[in-house]
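Novice: Can you read through this structure? Questions will come right after.
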Amino acid sequence: MRVDINKEELKNMFIAVSEKIISSEDFLTEIDLKIGDGDHGTGMALGFKNVKEQLEILKPDYAEDVFKTIGTTMLDTMGGASGVLFGTVFISGILNRNPSEKLTVFDLSEIFTKSLKVLKNRGKAEVGDKTMVDAFEPAVKALEDSAIKGKDMKESLKEAAGKSKEGMEYTKTIQAKFGRAKSYGEKSIGLQDAGATSIWLIFQEMSDWADNNL
Ligand code: ADP
Ligand code: MG
């Protein structure tokens with residue numbers, strides 16, 4: 001039973017996440033075409049292609065360096081709303097932390113709790129607005145809950161992935177209040193949000209990687 005993940009494992013986990021997003025480009029494009037401008041898949045795939053390259057040459061001193069590399073690479077290389085929003089998810093959670101060579105479930109929950117707060121501050125979206133927040137907030141809450149209950153890393157990531165999937169499914173039932181999807185009004189009901197789908201893919205791959213490697 002592993003209760004933590006070290007800097008090298010974290011790096012490898014996010015290389016796997018990058019590959020997952022790159023291979024999901026068409027799937028994400030299809031979703032964003034129905035309800036947005038269709039650029040979400042291309043933007044995310046481009047961002048994570050660069051992230052993968054940067055991670056492969058990274059020699060992290062600390063686990064936080066992995067998050068920093070992901071966030072800054074996304075901010076530097078992706079356009080659109082999601083470049084800033086996803087960049088924020090990865091960069092803002094590690095600001096002002098005491099760097100460490102490994103992360104516990106509690107550390108992960110602390111990092112993502114902080115980045116959720118910054119994301120919501122920046123984007124102004126809350127749960128129910130049909131954005132990535134609908135998938136991210138339940139995943140973060142699941143991590144917090146697992147940290148309190150002392151669950152191991154695999155189980156904690158599995159719960160987080162499950163909750164983010166539920167959140168992504170929930171976006172099908174509600175009307176968009178933000179971004180380009182807003183102009184679709186009631187027609188957005190029945191369709192899932194692209195950003196929420198990406199958040200689910202990220203947590204799902206984190207969980208799958210942990211299952212196979214921790
Ligand atoms: P763009 O909106 O520039 O075309 P993308 O298509 O890459 O960018 O990303 C759209 C996604 O961004 C949406 O599916 C939604 O999840 C997310 N999003 C848009 N606006 C906000 C916001 N204000 N707060 C949080 N997430 C948002
Ligand atoms: Mg778009």
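In the structure tokens, chains take letters A, B, ... by order of appearance, with residues numbered from 1 within each chain and ligands from 1 in the order shown.
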Report as a PyMOL selection string all protein, DNA and RNA residues lying within 12 Å of range 149-156 of chain A, evaluated on only C-alpha atoms, omitting residues in the same chain fewer than 6 positions from it.
Specialist: chain A and resi 1-6+10+102-109+139-143+162-163+203-214
Novice: Residues of the last selection are to be written out with C-alpha atoms, as a short mmCIF file (atom, residue, chain, number, x, y, z; two decimals), in the first residue's frame.
Specialist:
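This is the output file out_35.cif:
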data_model
loop_
_atom_site.label_atom_id
_atom_site.label_comp_id
_atom_site.auth_asym_id
_atom_site.auth_seq_id
_atom_site.Cartn_x
_atom_site.Cartn_y
_atom_site.Cartn_z
CA MET A 1 0.00 0.00 0.00
CA ARG A 2 1.48 3.32 -1.09
CA VAL A 3 0.39 6.53 0.55
CA ASP A 4 2.64 8.79 -1.49
CA ILE A 5 4.14 9.34 -4.94
CA ASN A 6 7.73 10.49 -5.55
CA LEU A 10 4.82 11.95 -10.64
CA LYS A 102 7.31 13.22 -2.72
CA LEU A 103 3.62 14.01 -2.33
CA THR A 104 1.12 12.37 -0.03
CA VAL A 105 -2.63 12.23 -0.77
CA PHE A 106 -2.94 15.18 1.61
CA ASP A 107 -0.31 17.15 -0.39
CA LEU A 108 -2.12 16.42 -3.65
CA SER A 109 -5.43 17.50 -2.15
CA ALA A 139 -12.35 15.37 -7.85
CA VAL A 140 -10.70 17.79 -5.44
CA LYS A 141 -13.34 17.12 -2.78
CA ALA A 142 -12.78 13.38 -3.21
CA LEU A 143 -9.03 13.87 -2.66
CA GLY A 162 -14.89 8.49 -10.48
CA LYS A 163 -16.16 11.78 -9.08
CA PHE A 203 -7.79 12.22 -13.43
CA GLN A 204 -8.73 8.93 -15.09
CA GLU A 205 -5.23 8.54 -16.49
CA MET A 206 -3.64 9.51 -13.16
CA SER A 207 -5.70 6.73 -11.58
CA ASP A 208 -4.95 4.18 -14.31
CA TRP A 209 -1.24 4.94 -14.14
CA ALA A 210 -1.25 4.61 -10.33
CA ASP A 211 -3.13 1.32 -10.61
CA ASN A 212 -0.47 -0.12 -12.89
CA ASN A 213 2.65 1.44 -11.41
CA LEU A 214 2.31 2.13 -7.68
#
Novice: With only C-alpha atoms and all ligand atoms counted, collect every polymer residue having an atom within 10 Å of ligand 2; state the result as a PyMOL selection string.
Specialist: chain A and resi 28-29+31-33+35-43+80-82+179-181+194-195
Novice: Quick one: residues within 6 Å of Gly71 in chain A, only C-alpha atoms counted, chain neighbours fewer than 4 positions away excluded, as a count of residues only?
Specialist: 3
Novice: Expressed in Å to a single decimal, how great is the separation between CA of Gly47 in chain A and CA of Asn98 in chain A?
Specialist: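 A separation of 27.1 Å between them.
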Novice: Compare A:Thr73, A:Ser92, A:Asn50, A:Thr197 by their minimum atom-to-atom distance to Lys120 in chain A, counting only C-alpha atoms, and give me the closest one.
Specialist: A:Ser92
